[in-house]
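Visitor: If it helps, the file is called start-v9.cif and holds mmCIF, C-alpha atoms and all ligand atoms:
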data_protein
#
loop_
_atom_site.label_atom_id
_atom_site.label_comp_id
_atom_site.auth_asym_id
_atom_site.auth_seq_id
_atom_site.Cartn_x
_atom_site.Cartn_y
_atom_site.Cartn_z
CA MET A 16 0.00 0.00 0.00
CA ASP A 17 2.80 2.34 0.93
CA GLN A 18 4.63 1.52 -2.29
CA ARG A 19 1.55 1.97 -4.46
CA THR A 20 0.76 5.36 -2.93
CA THR A 21 4.30 6.45 -3.63
CA GLU A 22 3.94 5.65 -7.31
CA GLU A 23 0.60 7.35 -7.59
CA SER A 24 1.84 10.59 -6.13
CA GLY A 25 4.98 10.60 -8.24
CA PHE A 26 7.06 11.26 -5.14
CA LYS A 27 10.32 9.43 -5.78
CA PRO A 28 13.24 11.13 -4.10
CA ARG A 29 16.69 9.64 -4.58
CA TYR A 30 17.46 10.49 -0.96
CA LEU A 31 14.95 10.29 1.88
CA GLN A 32 15.89 10.56 5.53
CA HIS A 33 13.80 11.07 8.62
CA ILE A 34 15.34 13.83 10.72
CA GLY A 35 12.87 13.72 13.59
CA GLY A 36 9.28 14.67 14.34
CA GLU A 37 7.39 15.12 11.10
CA LEU A 38 10.43 16.28 9.17
CA TYR A 39 12.39 14.61 6.40
CA LEU A 40 15.37 15.53 4.27
CA PHE A 41 14.88 14.69 0.60
CA ASP A 42 15.56 15.86 -2.93
CA SER A 43 13.25 16.60 -5.82
CA VAL A 44 13.70 17.48 -9.47
CA LEU A 45 11.41 20.00 -11.14
CA ASN A 46 11.89 20.84 -14.82
CA GLY A 47 15.45 19.58 -14.67
CA THR A 48 16.37 21.58 -11.56
CA THR A 49 17.20 19.78 -8.33
CA TYR A 50 15.96 21.07 -4.98
CA ILE A 51 16.66 19.94 -1.43
CA HIS A 52 13.77 19.87 1.03
CA VAL A 53 13.45 19.81 4.79
CA ARG A 54 9.77 19.10 4.96
CA ALA A 55 7.00 17.15 6.63
CA LEU A 56 5.56 14.21 4.74
CA ALA A 57 2.06 12.85 5.02
CA ASN A 58 0.25 9.75 3.87
CA TYR A 59 2.85 7.18 4.99
CA ARG A 60 5.74 9.30 3.73
CA ALA A 61 4.20 9.41 0.26
CA THR A 62 3.13 13.03 -0.01
CA PRO A 63 5.17 16.17 0.69
CA THR A 64 3.23 18.75 2.71
CA ARG A 65 3.47 22.55 2.75
CA ASN A 66 5.20 22.40 6.11
CA GLY A 67 8.89 22.86 5.42
CA VAL A 68 11.47 24.57 3.26
CA THR A 69 12.80 24.14 -0.27
CA LEU A 70 16.44 25.00 -0.85
CA THR A 71 18.20 25.48 -4.16
CA LEU A 72 21.43 23.52 -4.44
CA GLN A 73 23.37 26.75 -4.03
CA ARG A 74 21.59 27.65 -0.78
CA CYS A 75 21.92 24.08 0.43
CA ASN A 76 25.67 24.29 -0.16
CA GLU A 77 25.81 27.58 1.75
CA LEU A 78 23.96 25.93 4.62
CA TYR A 79 26.41 23.04 4.50
CA SER A 80 29.37 25.39 4.60
CA ILE A 81 28.20 27.16 7.77
CA ILE A 82 27.53 23.98 9.76
CA PRO A 83 30.69 24.50 11.88
CA GLU A 84 29.47 28.00 12.85
CA ILE A 85 26.02 26.67 13.75
CA VAL A 86 27.57 23.91 15.87
CA ILE A 87 29.57 26.50 17.82
CA HIS A 88 26.39 28.47 18.53
CA ILE A 89 24.48 25.35 19.57
CA ASP A 90 27.22 24.69 22.12
CA GLN A 91 26.88 28.26 23.37
CA VAL A 92 23.13 27.91 23.77
CA ARG A 93 23.59 24.60 25.59
CA ARG A 94 26.00 26.31 27.98
CA LYS A 95 23.33 28.99 28.44
CA GLU A 96 25.59 31.66 27.03
CA THR A 97 23.95 34.50 25.21
CA THR A 98 23.97 33.99 21.50
CA PHE A 99 22.57 35.58 18.43
CA TYR A 100 23.27 34.13 15.05
CA ARG A 101 22.02 35.18 11.65
CA ARG A 102 23.56 34.11 8.39
CA HIS A 103 22.32 34.74 4.87
CA ILE A 104 22.39 31.68 2.62
CA GLY A 105 20.96 33.41 -0.46
CA GLY A 106 17.79 35.01 -1.78
CA ASN A 107 16.71 36.32 1.63
CA TRP A 108 16.92 32.88 3.21
CA TYR A 109 18.62 33.00 6.59
CA VAL A 110 19.75 30.58 9.25
CA THR A 111 19.06 32.14 12.64
CA MET A 112 19.46 31.23 16.29
CA GLU A 113 18.50 33.22 19.34
CA THR A 114 19.03 32.92 23.03
CA GLY A 115 15.98 31.38 24.67
CA PHE A 116 15.02 29.38 21.60
CA ASN A 117 16.63 25.97 21.41
CA THR A 118 16.17 25.81 17.67
CA VAL A 119 17.99 26.39 14.42
CA ASP A 120 15.70 28.34 12.14
CA ILE A 121 15.93 28.18 8.35
CA ARG A 122 13.62 30.90 7.13
CA ARG A 123 12.84 33.37 4.39
CA PHE A 124 12.97 37.05 5.33
CA TRP A 125 11.91 40.19 3.52
CA GLN A 126 12.66 43.86 3.81
CA PRO A 127 9.78 46.35 3.78
CA ASP A 128 10.44 49.40 1.57
CA ASP A 129 10.20 51.78 4.51
CA SER A 130 12.57 49.85 6.74
CA THR A 131 16.24 49.03 6.99
CA CYS A 132 15.46 45.87 8.96
CA ILE A 133 14.51 42.52 7.58
CA ARG A 134 11.50 40.65 8.87
CA ALA A 135 10.80 36.96 9.13
CA THR A 136 8.14 35.37 6.96
CA ARG A 137 6.16 32.27 7.80
CA LYS A 138 8.10 30.35 5.17
CA GLY A 139 10.57 28.41 7.22
CA VAL A 140 11.30 25.57 9.54
CA SER A 141 12.48 25.51 13.17
CA LEU A 142 14.71 22.55 13.91
CA THR A 143 15.40 21.19 17.37
CA PHE A 144 19.08 20.61 18.02
CA ASN A 145 18.54 16.86 17.60
CA GLN A 146 16.84 17.46 14.27
CA PHE A 147 19.69 19.71 13.22
CA ASP A 148 22.17 16.95 14.12
CA GLU A 149 20.28 14.55 11.87
CA LEU A 150 20.13 17.15 9.11
CA LYS A 151 23.86 17.75 9.48
CA ASN A 152 24.56 14.04 8.99
CA GLY A 153 22.09 13.87 6.13
CA LEU A 154 23.69 16.75 4.27
CA ARG A 155 26.93 14.76 4.34
CA MET A 156 25.22 11.67 2.94
CA ILE A 157 22.92 13.20 0.36
CA GLU A 158 25.76 14.21 -1.95
CA GLY A 159 26.41 10.52 -2.58
CA VAL A 160 23.04 10.09 -4.32
CA VAL A 161 22.53 13.69 -5.51
CA PRO A 162 25.89 14.19 -7.23
CA GLU A 163 24.92 17.55 -8.77
CA LEU A 164 25.26 19.02 -5.27
CA SER A 165 29.03 18.69 -5.50
CA GLN A 166 29.10 20.59 -8.79
CA VAL A 167 27.41 23.70 -7.45
CA VAL A 168 29.54 26.83 -7.36
CA PRO A 169 28.90 29.85 -5.13
CA CYS A 170 26.85 32.62 -6.71
CA TYR A 171 29.73 35.10 -6.82
CA LEU A 172 31.64 32.74 -9.12
CA THR A 173 28.80 32.41 -11.62
CA GLY A 174 27.68 34.57 -14.51
CA ASN A 175 24.41 35.21 -12.67
CA HIS A 176 26.16 37.18 -9.96
CA GLN A 177 25.93 40.97 -10.29
CA ARG A 178 28.37 42.61 -7.95
CA ASP A 179 26.39 44.97 -5.70
CA LEU A 180 23.02 44.28 -7.23
CA CYS A 181 22.86 40.53 -6.96
CA ARG A 182 19.37 39.34 -6.12
CA GLU A 183 20.78 36.17 -4.66
CA CYS A 184 23.63 37.61 -2.55
CA SER A 185 22.19 40.97 -1.52
CA PRO A 186 18.49 40.82 -2.38
CA ASN A 187 17.62 43.95 -0.41
CA ASN A 188 20.41 46.06 -1.89
CA THR A 189 21.88 46.39 1.56
CA ASN A 190 24.69 44.65 3.30
CA ILE A 191 22.92 42.76 6.02
CA ALA A 192 25.25 40.07 7.26
ZN ZN B 201 25.40 36.66 -6.29
#
Show me the file's structure as structure tokens.

Guide:
Amino acid sequence: MDQRTTEESGFKPRYLQHIGGELYLFDSVLNGTTYIHVRALANYRATPTRNGVTLTLQRCNELYSIIPEIVIHIDQVRRKETTFYRRHIGGNWYVTMETGFNTVDIRRFWQPDDSTCIRATRKGVSLTFNQFDELKNGLRMIEGVVPELSQVVPCYLTGNHQRDLCRECSPNNTNIA
């Protein structure tokens, strides 16, 4: 039954890993473009839900590259030291951590025209530290079955990058770290 449902929905990721709670790490291909998801599945793991995030390969690679920084901040939170962490991974997607919240947030932000601050949207996922640990391990494994991940180059090395006006690297035309 599980197998049949999978075929009917067309959901056939090459990589699928439970990272805790409702959340899974998996890949998808849409019109020839690969995406990495951290997302809840329903219907005996056969149907992706709207609860979760979709990362381009580039943003997924950025996330992968900042894992050591995130780990340092998790340790700080566990030691009850004050911490604030916010890192842009592209296209207004940020990884954030705050004192008092034992989560790693991967979330889309936006900047209102009348403001110099960015604001969180509801598009995102809050991972417990255990879920982040599983994600961390998964991001190491997924490259084995999604080989295009290893061929991704950072935006600033591609022809799409536009120095100060890059929509991917500085989508709000400001230098918010
Ligand atoms: Zn760029």

Visitor: Sorted by chain and rising residue number, which residues of chain A lie within 10 Å of ligand ZN 201 (chain B), and what are their closest atom pairs and distances in Å to one decimal, counting only C-alpha atoms and all ligand atoms, as CSV?

Guide:
residue,atom,partner,partner_atom,distance
A:Gly105,CA,B:ZN201,ZN,8.0
A:Gly106,CA,B:ZN201,ZN,9.0
A:Pro169,CA,B:ZN201,ZN,7.7
A:Cys170,CA,B:ZN201,ZN,4.3
A:Tyr171,CA,B:ZN201,ZN,4.6
A:Leu172,CA,B:ZN201,ZN,7.9
A:Thr173,CA,B:ZN201,ZN,7.6
A:Gly174,CA,B:ZN201,ZN,8.8
A:Asn175,CA,B:ZN201,ZN,6.6
A:His176,CA,B:ZN201,ZN,3.8
A:Gln177,CA,B:ZN201,ZN,5.9
A:Arg178,CA,B:ZN201,ZN,6.9
A:Asp179,CA,B:ZN201,ZN,8.4
A:Leu180,CA,B:ZN201,ZN,8.0
A:Cys181,CA,B:ZN201,ZN,4.7
A:Arg182,CA,B:ZN201,ZN,6.6
A:Glu183,CA,B:ZN201,ZN,4.9
A:Cys184,CA,B:ZN201,ZN,4.2
A:Ser185,CA,B:ZN201,ZN,7.2
A:Pro186,CA,B:ZN201,ZN,9.0

Visitor: Using only C-alpha atoms, pick whichever of A:Ser141, A:Thr136, A:Asn66, A:Asn107 has the shortest atom-to-atom distance to A:Asp120.

Guide: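 The closest residue to A:Asp120 is A:Ser141.
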
Visitor: Looking at A:Arg137, A:Lys27, A:Arg94, A:His33, which one is nearest to A:Val68, with distances taken over all atoms listed in the file?

Guide: A:Arg137

Visitor: Would you mind listing, for every residue of stretch 53-123 of chain A within 12 Å of stretch 151-161 of chain A, the two atoms forming the shortest contact and the distance between them in Å to one decimal, using all atoms listed in the file, sorted by chain and ascending residue number, as a Markdown table?

Guide:
| residue | atom | partner | partner_atom | distance |
| --- | --- | --- | --- | --- |
| A:Val53 | CA | A:Gly153 | CA | 10.6 |
| A:Leu72 | CA | A:Val161 | CA | 9.9 |
| A:Cys75 | CA | A:Leu154 | CA | 8.5 |
| A:Asn76 | CA | A:Leu154 | CA | 9.0 |
| A:Glu77 | CA | A:Leu154 | CA | 11.3 |
| A:Leu78 | CA | A:Leu154 | CA | 9.2 |
| A:Tyr79 | CA | A:Leu154 | CA | 6.9 |
| A:Ser80 | CA | A:Leu154 | CA | 10.3 |
| A:Ile81 | CA | A:Lys151 | CA | 10.5 |
| A:Ile82 | CA | A:Lys151 | CA | 7.2 |
| A:Pro83 | CA | A:Lys151 | CA | 9.9 |
| A:Ile85 | CA | A:Lys151 | CA | 10.1 |
| A:Val86 | CA | A:Lys151 | CA | 9.6 |
| A:Val119 | CA | A:Lys151 | CA | 11.6 |

Visitor: Quick one: everything within 12 Å of A:Arg93, counting all atoms listed in the file, minus sequence neighbours fewer than 5 positions away in the same chain. Send it as number ranges by chain.

Guide: A: 86-88, 98, 113-118, 144

Visitor: Kindly indicate which residue among A:Thr49, A:Asn58, A:Thr143, A:Ser43 lies nearest to A:Leu164, using all atoms listed in the file for the distances.

Guide: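 Of the candidates, the smallest distance to A:Leu164 is held by A:Thr49.
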
Visitor: Could you jot down the atom CA of A:Leu38 to atom CA of A:Ala55 separation for me, Å, one decimal place?

Guide: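 Separation between atom CA of A:Leu38 and atom CA of A:Ala55: 4.4 Å.
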
Visitor: Which of these, A:Asn187, A:Thr69, A:Gln166, A:Asn145, has the shortest distance to A:Pro127 once you count only C-alpha atoms?

Guide: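 Between A:Asn187, A:Thr69, A:Gln166, A:Asn145, the residue approaching A:Pro127 most closely is A:Asn187.
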